[in-house]
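Here is the structure we will look at, set down as structure tokens.
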Amino acid sequence: MLARRYIYRVIGLLVLLLFVAFFGVPLLWLLLAPTKTDYQLAHQAPLAFGSLGTFIHTFNRVINYQGGLMLTWLKNSAIYSGGGTALALLAAIPAGYGLALTQFIGRRTLLAVTLVVMIMPATALVMPLFLEASAVNLVGTAWAVILPFAFFPFGVYLAYIYFSSTIPKDLLAAARIDGAGEWGVFLHVALPLARPIVALVAFFAFVGDWTNYYLPFVMTYTNSEYPVTVGLQILIGSAPIFSPTASGYAGSEIYRPDLAMATLIGALPILIIFLFAQRTLVKGMLAGATKG
Amino acid sequence: MAVSDERISARRRRRAGGQRGGLPAGTSRTAGYFFVAIYVVLLLALGVAPAVYAIALALSTSGGVGVSHFVDTFNFFEFLPAFEHIAEFEGIWLASQTVFVVLLALMVHTLKRRVSTAFRLIFYLPGAMAGSASAIIWLFMFTPSGSPFAFILHGLHYQVLSNTVQPSNLPIVFAIMAFFTGAGGWIVIMYGALNNIPDELIEAAEIDGSSALQTAVRIKIPLIRKWIVYMLVLSFAAGSQLFVEPQILGVATNGQVPAQWSPNQLAYYLAFQQDSFNNAAAVSVDLLVIGLLVAVLLVWRGRLFEVE
Amino acid sequence: MATVTFKGASRIYPRAKNPAVNELNLEIRDGEFIVLVGPSGCGKTTSLRMLAGLEPVDAGDIFIDERSVVRLPPRERDIAMVFQNYALYPHMDVAGNLGFALKIAKVKKSEIKTRVAEAAKILDLEDYLDRKPGQLSGGQRQRVAMGRAIVRQPRVFLMDEPLSNLDAKLRVATRSEIAALQRRLGVTTVYVTHDQVEAMTMGDRVAVMKDGVLQQVDVPSVLYDSPVNAFVAGFIGSPAMNLVEGTVGSEGVAIGSTVVAVPRALKDTAGTGKVTVGLRPESLELAGEGAGIPAVVNLVEELGAEAYIYARLAHHVDQATFAATPDFIVRVNPKSAPKSGSAVELHVKPDSMLLFDADSGARITAA
Ligand SMILES: Nc1ncnc2c1ncn2[C@@H]1O[C@H](COP(=O)(O)OP(=O)(O)OP(=O)(O)O)[C@@H](O)[C@H]1O
Ligand SMILES: [Mg+2]
């Protein structure tokens with residue numbers, strides 16, 4: 001009896017460790033790859049450590065690639081995601097509040113439409129969005145990416161759940177009796193209580209925007225407009241190892257450690273956000289547990 | 001238990017409030033519009049308009065309104081394979097993700113809090129690599145020379161990348177990429193949901209004679225069922241849009257992965273390489289309809305989103 | 001059906017200074033209804049959970065019948081438990097909740113059905129079998145929790161404050177129902193409550209705990225009439241016993257400046273010096289001038305058939321301890337209850353006074 005329980009525990013632990021390897025090893029590899037030269041990468045043990053000097057050298061190579069293209073891409077990603085997230089919050093938080101705690105004709109319809117749009121495969125709309133954007137001459141500007149990012153029905157849904165499950169209507173009624181107007185009630189009562197949901201929506205919006213590939217891929221044309229995600233693909237295209245036909249200018253070839261480094265740099269902002277956001281994520285998502 | 005009680009009574013209260021004539025003192029009927037205004041504008045311009053536009057494009061033919069674009073695209077030799085690919089990918093991914101996420105969450109939940117925190121962090125961090133980053137990392141992981149998983153690849157007699165990403169493997173390859181970035185967040189959420197189950201309930205089951213395994217199957221899983229369905233719905237929607245992974249594999253293998261592997265890629269190809277926006281719209285509408293049907297089915301069968 | 005024996009059972013929570021339960025010795029007879037009672041945090045729940053197997057036993061032993069159970073997991077102890085918040089499975093309907101344990105035990109479906117129906121009939125739950133717990137009232141949920149225990153036909157019932165979530169009226173009604181049911185089924189029952197009225201009305205015997213230590217276990221009337229110490233005396237009884245400082249002299253016990261006679265035998269063991277005097281509200285009566293302890297009435301509580309006055313003893317009025325000294329509670333005839341604010345004198349009925357050691361609180365009895 002006891003022995004059997006012991007065996008179960010051991011098997012369980014082994015399974016867990018197996019998955020730790022699955023999730024952890026690629027990340028570890030990504031950290032270690034830039035410490036090695038391309039030759040070392042091919043000939044040393046995959047998880048061997050090269051040298052810090054090489055790491056710094058690789059970093060400089062990537063940052064200076066074609067006159068700082070990487071920085072341009074990062075800047076673009078920041079503009080697109082930052083702008084998209086800011087607008088998404090501006091739209092979603094009041095909308096969630098309005099849907100949850102005010103009454104107006106068409107409220108339930110709007111809620112239903114939001115749910116449908118939320119689970120709709122959004123990329124199916126990218127092509128018509130592109131046509132729409134080109135009709136109003138936005139293609140080639142940052143707005144062509146930012147505006148679609150600003151439309152974030154999932155955020156509206158999360159805010160709706162949050163407001164309807166955690167803020168008692170009586171509290172708002174009390175504020176109204178105290179003389180606050182509708183805007184005042186939202187601004188001074190609901191919003192201060194909504195910090196967790198603002199953080200959660202911002203998290204999902206920013207991460208989703210930063211890692212989005214298809215929309216900027218369609219909406220942007222030139223190296224100077226690409227965000228990091230699309231830029232990475234350009235890098236692969238100039239890596240002789242994957243694209244033997246890559247037309248590298250002398251010295252502008254991309255090697256494997258460079259590619260790993262670029263991937264790392266591109267994901268770093270999200271990685272940092274992730275490290276700090278785990279708690280918010282769970283709390284915010286589960287706030288809806290009492291409802292949705 | 002406590003949760004569901006609160007939920008019920010909250011719902012009752014709300015309903016009662018509604019019957020009393022609805023509005024709390026001083027609420028104006030127009031304030032609501034004001035709060036949703038920005039969102040509604042975005043919804044119309046960026047959600048409804050493109051959808052309507054896509055449908056209009058797909059249905060408008062040289063002779064007026066018709067389904068010829070649907071028929072034409074259906075007859076493309078890339079069309080059915082693209083949808084088969086995505087179906088196979090979704091099947092593998094959703095099944096394995098559901099099983100492993102629930103299993104890992106349950107297992108992590110039995111560990112001491114500190115230990116479990118470390119495990120959860122490791123599972124969850126790859127989420128930061130979503131999109132092209134994950135595709136690039138796995139490009140390396142799937143290249144037999146230099147991959148930390150080389151021993152597995154060699155065991156399968158794969159010598160070069162193109163062996164690993166041979167056409168029949170692609171659904172699994174993309175499922176692994178998606179699982180790598182997607183599972184951790186859900187494990188963390190399921191873990192939180194498991195934590196929300198009152199200890200008393202688990203103890204009651206224990207006293208009722210239930211073993212750890214029986215408690216997991218009969219008590220814990222049913223109580224997080226809602227979250228499992230939720231995960232399925234959102235994952236399905238995300239998976240049906242597969243684009244960046246095959247795109248990058250295509251670039252990295254010099255076209256061994258076709259540029260029309262997924263329906264989304266096909267639509268892109270039709271629109272921007274073939275300049276046939278109508279056909280592209282038809283494929284997009286197909287995708288939209290299938291995506292909505294499945295999602296609505298899951299939502300409805302899973303009794304999710306009880307909107308008041 | 002079974003006996004339960006705690007033998008020096010202790011539980012020390014990790015990082016806790018004092019044991020939550022300290023060397024508990026308690027023998028529970030077959031079919032007995034025993035109530036664990038005591039103030040919040042005294043270790044009642046912990047004792048119950050130790051018996052259930054939900055909490056390890058750090059020292060000592062616990063037996064069900066002749067068998068030590070401390071090594072057995074809960075499911076091998078053949079016990080059923082009613083939790084304070086009922087712990088009903090929210091995703092199962094009432095029938096599912098009632099039958100869960102039987103299903104786990106692989107009892108035949110037809111038999112589960114009969115036994116669930118039986119329990120539902122006893123508890124008046126027949127109309128609710130296909131409802132989820134969320135759709136039941138508090139009282140109905142409580143009955144489902146009871147039902148879940150009785151379908152098991154276990155050797156021991158454990159109940160942890162099962163009535164605390166009910167409103168006052170329902171609590172009183174359910175109290176007698178549970179007691180009657182237990183007597184009918186004859187299953188040994190350990191019942192935890194912090195409400196001494198519940199304890200006194202329900203238990204065959206009542207065990208009073210304080211700070212993890214068992215103070216006294218006996219039938220209700222003995223607890224009331226012969227508490228072993230000032231704590232039990234003050235805890236049992238409603239309204240509570242009045243405890244006041246007194247000094248034993250040659251004449252008797254002096255409370256303030258009034259000397260109250262004490263039986264000779266008792267006075268002999270008490271010696272001389274300070275004691276704690278215990279007086280039940282019904283041990284006092286209003287007396288004429290000069291015949292009792294002077295006091296001022298603060299409040300009169302009229303309950304219809306009887307009335308209580310809350311009075312402050314005259315010698316307490318000016319003391320620095322004023323705020324800390326509770327009012328004296330006296331039962332009086334409602335017809336002749338004094339007005340609040342009036343001065344009265346309280347007479348102690350003969351032989352009704354209890355004395356406790358001023359330091360240890362232990363009861364002083366006649367030799
Ligand atoms: N899990 C725990 N970890 C540490 N200390 C605990 C734990 N549970 C209870 N205690 C402590 O043990 C003591 C006894 O607790 P217990 O729950 O048994 O009290 P109780 O008599 O049931 O009180 P109540 O009437 O409030 O339910 C308390 O001091 C409490 O703080
Ligand atoms: Mg307790």
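In the structure tokens, chains take the letters A, B, ... in the order shown, each chain's residues start at 1, and ligands count up from 1 in the order shown.
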Exercise answer, 10 Å around ligand 1 with only C-alpha atoms and all ligand atoms, as an NGL selection string: :C and (11-21 or 36-50 or 55 or 84 or 160-161 or 192-195 or 209-212)
List as CSV every residue of chain A that is in contact with chain B, defined as an atom at most 7 Å from one of its atoms (using only C-alpha atoms), together with the nearest atom pair and the distance in Å rounded to one decimal, sorted by chain and then rising number.
```
residue,atom,partner,partner_atom,distance
A:Val20,CA,B:Ile122,CA,6.6
A:Phe23,CA,B:Phe123,CA,5.8
A:Gly24,CA,B:Ile122,CA,6.1
A:Pro26,CA,B:Ile137,CA,6.8
A:Leu41,CA,B:Gly146,CA,6.6
A:Ala42,CA,B:Gly146,CA,5.4
A:Pro46,CA,B:Pro148,CA,5.1
A:Leu47,CA,B:Pro148,CA,6.7
A:Ala91,CA,B:Tyr39,CA,4.8
A:Ala92,CA,B:Tyr39,CA,6.4
A:Pro94,CA,B:Phe35,CA,5.0
A:Ala95,CA,B:Val36,CA,4.2
A:Gly98,CA,B:Gly32,CA,5.1
A:Thr102,CA,B:Gly32,CA,5.3
A:Gln103,CA,B:Gly32,CA,6.1
A:Phe104,CA,B:Arg29,CA,5.5
A:Ile119,CA,B:Ala237,CA,5.9
A:Met120,CA,B:Leu292,CA,5.8
A:Pro121,CA,B:Ala237,CA,5.3
A:Thr123,CA,B:Gln241,CA,6.0
A:Ala124,CA,B:Ser284,CA,4.9
A:Leu125,CA,B:Pro50,CA,6.0
A:Pro128,CA,B:Pro50,CA,5.1
A:Leu129,CA,B:Pro50,CA,5.6
A:Pro148,CA,B:Leu46,CA,6.2
A:Phe151,CA,B:Leu42,CA,5.7
A:Ala173,CA,B:Pro24,CA,6.2
A:Arg176,CA,B:Gly26,CA,6.4
A:Glu182,CA,B:Ala31,CA,6.5
A:Thr211,CA,B:Gly131,CA,5.5
A:Asn212,CA,B:Gly131,CA,6.7
A:Tyr213,CA,B:Val244,CA,6.4
A:Tyr214,CA,B:Val244,CA,6.8
A:Thr229,CA,B:Ser132,CA,5.7
A:Gln233,CA,B:Ile248,CA,6.4
A:Ile236,CA,B:Ala252,CA,6.5
A:Gly237,CA,B:Val251,CA,6.4
A:Phe242,CA,B:Ala252,CA,4.8
A:Ser243,CA,B:Ala252,CA,6.2
A:Thr263,CA,B:Ala133,CA,5.5
A:Ala267,CA,B:Met129,CA,6.0
A:Ile270,CA,B:Ala128,CA,5.3
A:Leu271,CA,B:Ala128,CA,5.1
A:Phe274,CA,B:Ala128,CA,6.6
A:Val282,CA,B:Ile189,CA,5.4
A:Leu286,CA,B:Ala193,CA,6.8
A:Thr290,CA,B:Arg7,CA,5.8
A:Lys291,CA,B:Arg7,CA,6.5
A:Gly292,CA,B:Phe305,CA,5.0
```
With C-alpha atoms retained, write the just-selected residues as a tab-separated table (two decimals), in the first residue's frame.
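As written to disk, again_35.tsv reads:
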```tsv
chain	number	residue	atom	x	y	z
A	20	VAL	CA	10.08	20.86	-17.20
A	23	PHE	CA	9.36	23.88	-21.54
A	24	GLY	CA	12.69	24.77	-20.01
A	26	PRO	CA	14.38	25.52	-25.39
A	41	LEU	CA	26.98	26.12	-31.90
A	42	ALA	CA	27.24	23.40	-34.50
A	46	PRO	CA	23.73	22.06	-27.38
A	47	LEU	CA	23.53	23.31	-23.83
A	91	ALA	CA	-12.31	51.76	-25.24
A	92	ALA	CA	-12.62	48.51	-23.29
A	94	PRO	CA	-15.55	52.13	-20.00
A	95	ALA	CA	-17.34	49.72	-22.33
A	98	GLY	CA	-21.23	50.40	-19.33
A	102	THR	CA	-25.64	50.76	-16.76
A	103	GLN	CA	-28.86	50.20	-18.61
A	104	PHE	CA	-29.46	51.17	-22.20
A	119	ILE	CA	-14.26	34.06	-30.49
A	120	MET	CA	-14.22	34.89	-34.18
A	121	PRO	CA	-10.94	34.04	-35.92
A	123	THR	CA	-7.08	37.06	-38.79
A	124	ALA	CA	-9.84	36.19	-41.22
A	125	LEU	CA	-10.66	39.87	-41.11
A	128	PRO	CA	-10.73	43.13	-45.61
A	129	LEU	CA	-9.18	45.38	-42.98
A	148	PRO	CA	-7.06	47.23	-35.43
A	151	PHE	CA	-10.37	46.91	-31.17
A	173	ALA	CA	-26.19	53.92	-6.09
A	176	ARG	CA	-25.17	58.75	-7.01
A	182	GLU	CA	-22.51	59.22	-14.17
A	211	THR	CA	3.55	38.97	-30.64
A	212	ASN	CA	1.07	39.58	-33.45
A	213	TYR	CA	2.56	38.74	-36.78
A	214	TYR	CA	-0.08	38.57	-39.43
A	229	THR	CA	7.97	39.75	-35.22
A	233	GLN	CA	11.42	36.58	-40.54
A	236	ILE	CA	15.83	34.14	-41.28
A	237	GLY	CA	15.63	35.07	-44.92
A	242	PHE	CA	18.30	28.32	-43.68
A	243	SER	CA	18.24	30.19	-46.97
A	263	THR	CA	14.75	36.26	-30.89
A	267	ALA	CA	10.91	38.58	-26.68
A	270	ILE	CA	7.28	40.27	-22.98
A	271	LEU	CA	9.46	38.00	-20.88
A	274	PHE	CA	5.46	37.79	-17.87
A	282	VAL	CA	-4.49	34.37	-12.31
A	286	LEU	CA	-10.42	34.02	-11.81
A	290	THR	CA	-17.79	33.81	-9.81
A	291	LYS	CA	-19.50	34.47	-13.09
A	292	GLY	CA	-18.48	33.78	-16.71
```
For ligand 2, the nearest of the candidates C:Ser137, C:Ser164, C:Thr247, C:Asn298, counting only C-alpha atoms and all ligand atoms: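 Of the candidates, the smallest distance to ligand 2 is held by C:Ser164.
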Go through chain C and flag each residue having an atom no more than 9 Å from chain B; for those, report the closest pair of atoms plus their distance in Å to one decimal, using only C-alpha atoms, ordered by chain and rising number, as CSV.
```
residue,atom,partner,partner_atom,distance
C:Ala52,CA,B:Ile207,CA,7.5
C:Gly53,CA,B:Ile207,CA,8.4
C:Leu54,CA,B:Glu203,CA,7.2
C:Pro73,CA,B:Glu206,CA,8.4
C:Pro74,CA,B:Ile207,CA,5.2
C:Arg75,CA,B:Gly209,CA,4.1
C:Glu76,CA,B:Gly209,CA,7.2
C:Arg77,CA,B:Ile207,CA,8.3
C:Asp78,CA,B:Ile207,CA,8.2
C:Ile79,CA,B:Ile207,CA,7.0
C:Ala80,CA,B:Ile207,CA,6.5
C:Met81,CA,B:Ile207,CA,7.2
C:Val82,CA,B:Ala204,CA,8.3
C:Phe83,CA,B:Glu200,CA,7.3
C:Gln84,CA,B:Glu200,CA,9.0
C:Asn85,CA,B:Glu200,CA,8.0
C:Tyr86,CA,B:Glu200,CA,8.3
C:Ala87,CA,B:Leu201,CA,4.8
C:Leu88,CA,B:Met1,CA,6.6
C:Tyr89,CA,B:Met1,CA,6.8
C:Pro90,CA,B:Met1,CA,5.3
C:His91,CA,B:Leu223,CA,6.8
C:Phe100,CA,B:Asp208,CA,7.2
C:Ala101,CA,B:Asp208,CA,4.6
C:Leu102,CA,B:Asp208,CA,8.1
C:Ile104,CA,B:Ser210,CA,6.1
C:Ala105,CA,B:Gly209,CA,7.0
C:Pro133,CA,B:Met1,CA,7.9
C:Gly134,CA,B:Asp5,CA,5.1
C:Gln135,CA,B:Ile8,CA,7.5
C:Arg148,CA,B:Asp208,CA,8.8
C:Ala149,CA,B:Asp208,CA,8.7
C:Arg152,CA,B:Asp208,CA,8.3
```
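By chain and then residue number, the residues within 8 Å of Val70 in chain C are Leu51, Gly53, Pro56, Val57, Asp61, Ile62 and Phe63 of chain C, counting only C-alpha atoms and disregarding those fewer than 3 positions away in sequence.
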What would the file look like if the residues just selected were written as a CSV table (one decimal), in the first residue's frame with N, CA, C and O atoms?
```csv
chain,number,residue,atom,x,y,z
C,51,LEU,N,-9.8,12.9,14.8
C,51,LEU,CA,-10.5,11.7,14.8
C,51,LEU,C,-10.9,11.3,13.4
C,51,LEU,O,-10.9,10.2,13.0
C,53,GLY,N,-9.1,12.0,10.8
C,53,GLY,CA,-8.0,11.6,10.0
C,53,GLY,C,-7.6,12.7,9.1
C,53,GLY,O,-6.7,12.6,8.2
C,56,PRO,N,-3.1,15.1,11.5
C,56,PRO,CA,-2.3,14.1,12.1
C,56,PRO,C,-2.3,14.2,13.6
C,56,PRO,O,-2.6,15.2,14.2
C,57,VAL,N,-2.0,13.1,14.3
C,57,VAL,CA,-1.9,13.0,15.8
C,57,VAL,C,-0.5,13.0,16.1
C,57,VAL,O,0.3,12.1,15.8
C,61,ASP,N,-2.9,8.6,21.1
C,61,ASP,CA,-3.5,7.6,20.2
C,61,ASP,C,-5.0,7.9,20.2
C,61,ASP,O,-5.6,8.5,21.1
C,62,ILE,N,-5.6,7.4,19.1
C,62,ILE,CA,-7.1,7.5,19.1
C,62,ILE,C,-7.6,6.1,18.6
C,62,ILE,O,-7.0,5.5,17.7
C,63,PHE,N,-8.6,5.6,19.3
C,63,PHE,CA,-9.2,4.3,19.0
C,63,PHE,C,-10.6,4.4,18.5
C,63,PHE,O,-11.4,5.2,19.1
```
For Thr222 in chain A: contacts at 10 Å, only C-alpha atoms, fewer than 3 positions along chain excluded, given as a tab-separated table (two decimals) with N, CA and C atoms, in the first residue's frame:
```
chain	number	residue	atom	x	y	z
A	140	GLY	N	0.64	51.89	-44.59
A	140	GLY	CA	1.94	52.54	-44.59
A	140	GLY	C	2.10	53.51	-43.43
A	217	PHE	N	2.31	42.18	-40.76
A	217	PHE	CA	2.89	41.58	-41.96
A	217	PHE	C	2.13	42.05	-43.19
A	219	MET	N	0.02	44.84	-43.17
A	219	MET	CA	-0.16	46.29	-43.20
A	219	MET	C	1.12	47.08	-43.43
A	225	GLU	N	9.27	49.92	-41.30
A	225	GLU	CA	7.94	49.90	-40.68
A	225	GLU	C	7.69	48.62	-39.89
A	226	TYR	N	8.50	47.59	-40.13
A	226	TYR	CA	8.22	46.29	-39.53
A	226	TYR	C	8.36	46.33	-38.02
A	231	GLY	N	10.25	41.41	-38.50
A	231	GLY	CA	11.68	41.56	-38.72
A	231	GLY	C	12.42	40.25	-38.58
```
Spatial neighbours of Gly250 in chain B, max dist 10 Å, only C-alpha atoms, sep filter under 6 positions, as a ChimeraX atom specification: /B:244,256-261
Long-range neighbours of Ile309 in chain C as a VMD selection string, 12 Å cut-off, only C-alpha atoms, 6 positions minimum in chain: chain C and resid 239 281 to 282 284 to 286 295 to 303 327 to 334 336 to 346
Quick one: write out the picked residues with C-alpha atoms as a PDB file, in the first residue's frame?
```pdb
ATOM      1  CA  PRO C 239     -27.267  33.866  31.375  1.00  0.00           C
ATOM      2  CA  PRO C 281     -28.748  34.293  38.423  1.00  0.00           C
ATOM      3  CA  GLU C 282     -31.374  32.092  40.019  1.00  0.00           C
ATOM      4  CA  LEU C 284     -30.025  35.374  44.022  1.00  0.00           C
ATOM      5  CA  GLU C 285     -33.193  37.100  45.018  1.00  0.00           C
ATOM      6  CA  LEU C 286     -34.225  40.609  45.925  1.00  0.00           C
ATOM      7  CA  ALA C 295     -26.439  47.089  44.092  1.00  0.00           C
ATOM      8  CA  VAL C 296     -27.811  49.509  41.502  1.00  0.00           C
ATOM      9  CA  VAL C 297     -29.960  48.236  38.632  1.00  0.00           C
ATOM     10  CA  ASN C 298     -28.540  49.129  35.242  1.00  0.00           C
ATOM     11  CA  LEU C 299     -30.919  47.347  32.970  1.00  0.00           C
ATOM     12  CA  VAL C 300     -34.007  45.206  33.183  1.00  0.00           C
ATOM     13  CA  GLU C 301     -34.535  42.478  30.606  1.00  0.00           C
ATOM     14  CA  GLU C 302     -38.124  41.280  30.499  1.00  0.00           C
ATOM     15  CA  LEU C 303     -38.622  37.935  28.801  1.00  0.00           C
ATOM     16  CA  ASP C 327     -22.895  43.449  35.775  1.00  0.00           C
ATOM     17  CA  PHE C 328     -24.431  40.990  38.187  1.00  0.00           C
ATOM     18  CA  ILE C 329     -27.280  39.129  36.598  1.00  0.00           C
ATOM     19  CA  VAL C 330     -30.233  38.216  38.777  1.00  0.00           C
ATOM     20  CA  ARG C 331     -33.398  36.377  37.844  1.00  0.00           C
ATOM     21  CA  VAL C 332     -36.469  38.061  39.256  1.00  0.00           C
ATOM     22  CA  ASN C 333     -40.203  37.771  39.039  1.00  0.00           C
ATOM     23  CA  PRO C 334     -41.300  39.976  36.108  1.00  0.00           C
ATOM     24  CA  SER C 336     -42.108  42.717  40.786  1.00  0.00           C
ATOM     25  CA  ALA C 337     -39.052  43.685  38.732  1.00  0.00           C
ATOM     26  CA  PRO C 338     -37.382  46.870  39.971  1.00  0.00           C
ATOM     27  CA  LYS C 339     -36.954  49.895  37.716  1.00  0.00           C
ATOM     28  CA  SER C 340     -33.597  50.509  36.176  1.00  0.00           C
ATOM     29  CA  GLY C 341     -31.648  53.033  38.183  1.00  0.00           C
ATOM     30  CA  SER C 342     -33.171  51.892  41.459  1.00  0.00           C
ATOM     31  CA  ALA C 343     -31.101  50.620  44.360  1.00  0.00           C
ATOM     32  CA  VAL C 344     -31.686  47.024  45.398  1.00  0.00           C
ATOM     33  CA  GLU C 345     -30.192  44.488  47.750  1.00  0.00           C
ATOM     34  CA  LEU C 346     -29.382  40.972  46.626  1.00  0.00           C
TER      35      LEU C 346
END
```
All alpha helix (DSSP H) residues (DSSP, backbone) inside range 44-221 of chain A, as a PyMOL selection string: chain A and resi 52-63+69-101+107-118+126-135+143-150+153-166+169-177+182-184+191-193+195-211+214-219
Residues near Leu354 in chain C, cut-off 8 Å, only C-alpha atoms, skip fewer than 3 positions along chain, as a PyMOL selection string: chain C and resi 277-279+363-364
